[in-house]
Amino acid sequence: MNTENNNLDPRIQRLDLQQNSQNPNPNPEHSHWETYEVMVQPKRGDAHTHAGSLHAPSPELALVFAKEQYGRRDKCFNMWVIPTAQIFAFNPSDSDMFANNIDKTYRNAGGFKVGEKISEYKKQLNSK
Amino acid sequence: MNSLNNLITKRLQKIADDAFIIGHRNAEWTGLAPTLEEDIAFSSMAQDKIGHALAIYTLLNEHFNYPKPDQYVFTKQTQQYYCCQLVQLPIQSYDFSLMRHFLFDHAEIIRYNELINSTFTPIAQIAQKIKGELKYHIFHANTWIQQLANSSPEALQKLQQSLNYAFPYALNMFESPNTPEQDQLLQTQGVMPTETEIKQQWLNNITTQLNDTPLVIPCITQSNTGKGGVNGVHTPYLTQAINEITQVFNTESTSAEW
């Protein structure tokens, strides 16, 4: 500790950190912790929803960090963490592949006119 | 019954003062912890600690006629603190703060798990409420120690130095303000276990944890280093901490509220 400075506040005490630091094993440049994606499950049985990402050196520490970063305010039952590198996605330039989806109404269940048939069937049951 | 109350309140003050001071110390890492993620986690746990202290100070106010928590804690003298010396030490480097958190919380979780079954219902309710938080604190401490102790030789060396330095202080976390006979009485009455018993379980638990790492626990079970906090024998660091804690309170009239 700095003996000349009596103040124990680390914000003051560490001001000369740079002059004194002699890191014998500096990290190679551009080496970082992996990023993880965090999925939050608000209550049992709910789907996990993507909440954000974080840096961590291991899956266990990713869980440690995820709990405080994405679980400390809202309701939370469980969490998943996934290495970002393990997620596969489309290239954004390929989004035209999805372009016509909303026009193809025949793919929606609503396209089938079953409602009338069901109520007719119910009527029959009731009249019996 | 009144004498039993006196034994209970002393032990509770000790538990609360320890949590209050370590909460303050660990909060000093806010904005400075090694990474953003760790900053959030460590600061959040520091807040938890101050919450635990507040819960007990509130209990003392409601059940034993102590002054209100702010009034009580911001006006008492340094000698009236029961906290152990381990929690008073400055945060120093992160390896020390992490090691202290590991040693301290392993004791806390044993103590509170026992208090869940206390015949003194108000403390049992508090213990029940915070057991999940302590579980996370232990998960955090264990995961970090495992990660670092099994990484580089430099990390291992730093942790070992911190363990050697903190361990004698940690052994004195278990000092009690009561005599062994008085604590035995509290145990027989089902109020709370003796600190001697907690210490034994703590030694077993940290040994099991550290067996999965190359870290070596110093071969001592008692020490004069860091002794006496519970009897008002404090380090100069406590005065510094209290001055800082009461800075705002002392600038306003004693009825300051926030």
# chains A, B, ... in the order shown; residues from 1 in each chain; ligands from 1
$ interface_residues --of "chain B" --to "chain A" --cutoff "9 Å" --atoms "only C-alpha atoms" --output "list in words"
Glu28, Trp29, Leu32, Thr35, Leu36, Glu37, Glu38, Ile40, Ala41, Phe42, Ser44, Met45, Pro90, Ile91, Gln92, Tyr136, Phe139, His140, Thr143, Trp144, Gln147, Glu154, Tyr237, Gln240 and Ala241 of chain B
$ residues_around --residues "segment 178-186 of chain B" --least-positions-apart "5" --cutoff "9 Å" --atoms "only C-alpha atoms" --output "list in words"
Leu4, Leu7, Ile8, Lys10, Arg11, Val191, Met192, Pro193, Thr194, Glu195 and Thr196 of chain B
$ select_by_dssp --residues "segment 24-127 of chain A" --states "strand (DSSP E)" --output "PyMOL selection string"
chain A and resi 34-41+49-56+78-83
$ atom_distance --atom1 "atom CA of Phe64 of chain B" --atom2 "atom CA of Phe174 of chain B"
23.7 Å
$ select_by_dssp --residues "segment 6-169 of chain B" --states "helix (DSSP H, G or I)" --output "number ranges by chain"
B: 6-27, 36-64, 69-75, 78-80, 94-115, 121-149, 153-169
$ residues_around --residues "segment 206-219 of chain B" --least-positions-apart "4" --cutoff "9 Å" --atoms "only C-alpha atoms" --output "PDB file with N, CA, C and O atoms, in the first residue's frame"
ATOM      1  N   PHE B 102     -14.332 -15.337   0.407  1.00  0.00           N
ATOM      2  CA  PHE B 102     -14.434 -16.798   0.462  1.00  0.00           C
ATOM      3  C   PHE B 102     -14.441 -17.277   1.922  1.00  0.00           C
ATOM      4  O   PHE B 102     -15.332 -18.024   2.336  1.00  0.00           O
ATOM      5  N   LEU B 103     -13.456 -16.819   2.698  1.00  0.00           N
ATOM      6  CA  LEU B 103     -13.342 -17.270   4.094  1.00  0.00           C
ATOM      7  C   LEU B 103     -14.531 -16.791   4.924  1.00  0.00           C
ATOM      8  O   LEU B 103     -15.083 -17.531   5.738  1.00  0.00           O
ATOM      9  N   HIS B 106     -18.065 -18.518   3.876  1.00  0.00           N
ATOM     10  CA  HIS B 106     -18.195 -19.920   4.272  1.00  0.00           C
ATOM     11  C   HIS B 106     -18.614 -20.029   5.733  1.00  0.00           C
ATOM     12  O   HIS B 106     -19.313 -20.977   6.114  1.00  0.00           O
ATOM     13  N   ASN B 142     -16.622 -19.761  -4.447  1.00  0.00           N
ATOM     14  CA  ASN B 142     -16.036 -21.055  -4.824  1.00  0.00           C
ATOM     15  C   ASN B 142     -15.617 -21.069  -6.291  1.00  0.00           C
ATOM     16  O   ASN B 142     -14.537 -21.548  -6.635  1.00  0.00           O
ATOM     17  N   ILE B 145     -12.456 -18.912  -6.848  1.00  0.00           N
ATOM     18  CA  ILE B 145     -11.231 -19.488  -6.268  1.00  0.00           C
ATOM     19  C   ILE B 145     -10.786 -20.693  -7.110  1.00  0.00           C
ATOM     20  O   ILE B 145      -9.606 -20.844  -7.432  1.00  0.00           O
ATOM     21  N   GLN B 146     -11.749 -21.536  -7.501  1.00  0.00           N
ATOM     22  CA  GLN B 146     -11.407 -22.688  -8.343  1.00  0.00           C
ATOM     23  C   GLN B 146     -10.787 -22.221  -9.661  1.00  0.00           C
ATOM     24  O   GLN B 146      -9.773 -22.741 -10.113  1.00  0.00           O
ATOM     25  N   ALA B 149      -7.240 -20.402  -8.935  1.00  0.00           N
ATOM     26  CA  ALA B 149      -6.198 -21.264  -8.362  1.00  0.00           C
ATOM     27  C   ALA B 149      -5.748 -22.331  -9.352  1.00  0.00           C
ATOM     28  O   ALA B 149      -4.638 -22.839  -9.271  1.00  0.00           O
ATOM     29  N   ASN B 150      -6.622 -22.645 -10.298  1.00  0.00           N
ATOM     30  CA  ASN B 150      -6.250 -23.650 -11.298  1.00  0.00           C
ATOM     31  C   ASN B 150      -5.857 -23.016 -12.630  1.00  0.00           C
ATOM     32  O   ASN B 150      -5.834 -23.688 -13.651  1.00  0.00           O
ATOM     33  N   LEU B 156      -2.125 -18.367  -8.791  1.00  0.00           N
ATOM     34  CA  LEU B 156      -2.043 -19.280  -7.653  1.00  0.00           C
ATOM     35  C   LEU B 156      -1.185 -18.678  -6.546  1.00  0.00           C
ATOM     36  O   LEU B 156      -1.555 -18.692  -5.372  1.00  0.00           O
ATOM     37  N   GLN B 157      -0.061 -18.103  -6.949  1.00  0.00           N
ATOM     38  CA  GLN B 157       0.854 -17.525  -5.969  1.00  0.00           C
ATOM     39  C   GLN B 157       0.183 -16.370  -5.211  1.00  0.00           C
ATOM     40  O   GLN B 157       0.293 -16.263  -3.988  1.00  0.00           O
ATOM     41  N   LEU B 159      -3.038 -15.890  -4.742  1.00  0.00           N
ATOM     42  CA  LEU B 159      -4.083 -16.406  -3.860  1.00  0.00           C
ATOM     43  C   LEU B 159      -3.483 -17.047  -2.613  1.00  0.00           C
ATOM     44  O   LEU B 159      -4.008 -16.881  -1.512  1.00  0.00           O
ATOM     45  N   GLN B 160      -2.387 -17.775  -2.807  1.00  0.00           N
ATOM     46  CA  GLN B 160      -1.763 -18.430  -1.656  1.00  0.00           C
ATOM     47  C   GLN B 160      -1.262 -17.387  -0.660  1.00  0.00           C
ATOM     48  O   GLN B 160      -1.447 -17.530   0.551  1.00  0.00           O
ATOM     49  N   LEU B 163      -4.212 -16.033   1.143  1.00  0.00           N
ATOM     50  CA  LEU B 163      -4.729 -17.018   2.093  1.00  0.00           C
ATOM     51  C   LEU B 163      -3.857 -17.032   3.356  1.00  0.00           C
ATOM     52  O   LEU B 163      -4.366 -17.006   4.477  1.00  0.00           O
ATOM     53  N   ASN B 164      -2.528 -17.030   3.156  1.00  0.00           N
ATOM     54  CA  ASN B 164      -1.611 -17.040   4.300  1.00  0.00           C
ATOM     55  C   ASN B 164      -1.821 -15.806   5.170  1.00  0.00           C
ATOM     56  O   ASN B 164      -1.780 -15.873   6.395  1.00  0.00           O
ATOM     57  N   PHE B 167      -5.735 -15.892   6.691  1.00  0.00           N
ATOM     58  CA  PHE B 167      -6.173 -17.036   7.488  1.00  0.00           C
ATOM     59  C   PHE B 167      -6.124 -16.822   9.006  1.00  0.00           C
ATOM     60  O   PHE B 167      -7.105 -17.111   9.698  1.00  0.00           O
ATOM     61  N   PRO B 168      -5.006 -16.287   9.556  1.00  0.00           N
ATOM     62  CA  PRO B 168      -4.986 -16.051  11.009  1.00  0.00           C
ATOM     63  C   PRO B 168      -6.108 -15.116  11.450  1.00  0.00           C
ATOM     64  O   PRO B 168      -6.736 -15.341  12.502  1.00  0.00           O
ATOM     65  N   GLN B 201     -16.907 -26.755  11.643  1.00  0.00           N
ATOM     66  CA  GLN B 201     -17.566 -27.073  10.374  1.00  0.00           C
ATOM     67  C   GLN B 201     -16.969 -26.255   9.229  1.00  0.00           C
ATOM     68  O   GLN B 201     -16.809 -26.729   8.111  1.00  0.00           O
ATOM     69  N   TRP B 202     -16.638 -25.006   9.547  1.00  0.00           N
ATOM     70  CA  TRP B 202     -16.031 -24.099   8.563  1.00  0.00           C
ATOM     71  C   TRP B 202     -14.692 -24.646   8.078  1.00  0.00           C
ATOM     72  O   TRP B 202     -14.425 -24.681   6.872  1.00  0.00           O
TER      73      TRP B 202
END
$ closest_residue --among "A:Phe98, A:Phe88, A:Tyr121, A:Tyr36" --to "Ser53 of chain A" --atoms "only C-alpha atoms"
A:Tyr36
$ residues_around --residues "Ala51 of chain A" --least-positions-apart "2" --cutoff "8 Å" --atoms "only C-alpha atoms" --output "ChimeraX atom specification"
/A:37-40,49,53,70
$ write_last_selection --atoms "N, CA, C and O atoms" --output "PDB file, in the first residue's frame"
ATOM      1  N   GLU A  37     -24.090 -15.679 -24.324  1.00  0.00           N
ATOM      2  CA  GLU A  37     -25.439 -15.131 -24.435  1.00  0.00           C
ATOM      3  C   GLU A  37     -26.243 -15.639 -23.240  1.00  0.00           C
ATOM      4  O   GLU A  37     -26.104 -16.800 -22.840  1.00  0.00           O
ATOM      5  N   VAL A  38     -27.064 -14.780 -22.679  1.00  0.00           N
ATOM      6  CA  VAL A  38     -27.827 -15.152 -21.485  1.00  0.00           C
ATOM      7  C   VAL A  38     -29.310 -15.244 -21.819  1.00  0.00           C
ATOM      8  O   VAL A  38     -29.888 -14.341 -22.420  1.00  0.00           O
ATOM      9  N   MET A  39     -29.918 -16.371 -21.438  1.00  0.00           N
ATOM     10  CA  MET A  39     -31.352 -16.594 -21.650  1.00  0.00           C
ATOM     11  C   MET A  39     -32.017 -16.715 -20.281  1.00  0.00           C
ATOM     12  O   MET A  39     -31.596 -17.509 -19.455  1.00  0.00           O
ATOM     13  N   VAL A  40     -33.042 -15.929 -20.077  1.00  0.00           N
ATOM     14  CA  VAL A  40     -33.692 -15.880 -18.760  1.00  0.00           C
ATOM     15  C   VAL A  40     -35.060 -16.554 -18.798  1.00  0.00           C
ATOM     16  O   VAL A  40     -35.834 -16.348 -19.723  1.00  0.00           O
ATOM     17  N   THR A  49     -35.906 -16.540 -22.560  1.00  0.00           N
ATOM     18  CA  THR A  49     -35.848 -15.417 -23.488  1.00  0.00           C
ATOM     19  C   THR A  49     -34.470 -14.771 -23.445  1.00  0.00           C
ATOM     20  O   THR A  49     -33.889 -14.616 -22.359  1.00  0.00           O
ATOM     21  N   SER A  53     -25.802 -10.237 -23.339  1.00  0.00           N
ATOM     22  CA  SER A  53     -24.580 -11.040 -23.351  1.00  0.00           C
ATOM     23  C   SER A  53     -23.609 -10.531 -22.296  1.00  0.00           C
ATOM     24  O   SER A  53     -23.821  -9.484 -21.689  1.00  0.00           O
ATOM     25  N   TYR A  70     -28.369 -10.090 -15.105  1.00  0.00           N
ATOM     26  CA  TYR A  70     -29.686 -10.173 -15.748  1.00  0.00           C
ATOM     27  C   TYR A  70     -30.776 -10.747 -14.848  1.00  0.00           C
ATOM     28  O   TYR A  70     -31.913 -10.866 -15.259  1.00  0.00           O
TER      29      TYR A  70
END
$ residues_around --residues "segment 53-59 of chain B" --least-positions-apart "5" --cutoff "12 Å" --atoms "only C-alpha atoms" --output "VMD selection string"
chain B and resid 8 to 24 46 to 48 64 to 74 83 120 to 127 129 to 130
$ atom_distance --atom1 "atom CA of Ile242 of chain B" --atom2 "atom CA of Val230 of chain B"
16.2 Å
$ residues_around --residues "Gln80 of chain B" --least-positions-apart "3" --cutoff "8 Å" --atoms "only C-alpha atoms" --output "MDAnalysis selection string"
chainID B and resid 76:77 232
$ write_last_selection --atoms "N, CA and C atoms" --output "mmCIF file, in the first residue's frame"
data_model
loop_
_atom_site.group_PDB
_atom_site.id
_atom_site.type_symbol
_atom_site.label_atom_id
_atom_site.label_comp_id
_atom_site.auth_asym_id
_atom_site.auth_seq_id
_atom_site.Cartn_x
_atom_site.Cartn_y
_atom_site.Cartn_z
ATOM 1 N N LYS B 76 -22.701 5.029 17.287
ATOM 2 C CA LYS B 76 -21.939 4.299 18.304
ATOM 3 C C LYS B 76 -20.430 4.465 18.110
ATOM 4 N N GLN B 77 -19.712 4.354 19.209
ATOM 5 C CA GLN B 77 -18.266 4.550 19.209
ATOM 6 C C GLN B 77 -17.562 3.321 18.634
ATOM 7 N N GLY B 232 -13.700 -5.193 21.389
ATOM 8 C CA GLY B 232 -13.412 -3.781 21.145
ATOM 9 C C GLY B 232 -11.960 -3.477 20.834
#
$ decode --residues "segment 41-54 of chain A" --atoms "C-alpha atoms" --output "compact mmCIF listing (two decimals), in the first residue's frame"
# COMPACT_ATOMS: atom_id res chain seq x y z
CA GLN A 41 -36.65 -18.01 -17.64
CA PRO A 42 -38.96 -15.85 -15.51
CA LYS A 43 -40.89 -18.77 -14.01
CA ARG A 44 -40.95 -22.54 -14.13
CA GLY A 45 -42.22 -23.82 -17.48
CA ASP A 46 -41.78 -20.46 -19.25
CA ALA A 47 -39.68 -20.23 -22.38
CA HIS A 48 -36.17 -18.86 -21.95
CA THR A 49 -35.85 -15.42 -23.49
CA HIS A 50 -32.66 -13.79 -24.67
CA ALA A 51 -31.65 -11.06 -22.20
CA GLY A 52 -28.20 -9.99 -23.38
CA SER A 53 -24.58 -11.04 -23.35
CA LEU A 54 -21.53 -10.89 -21.08
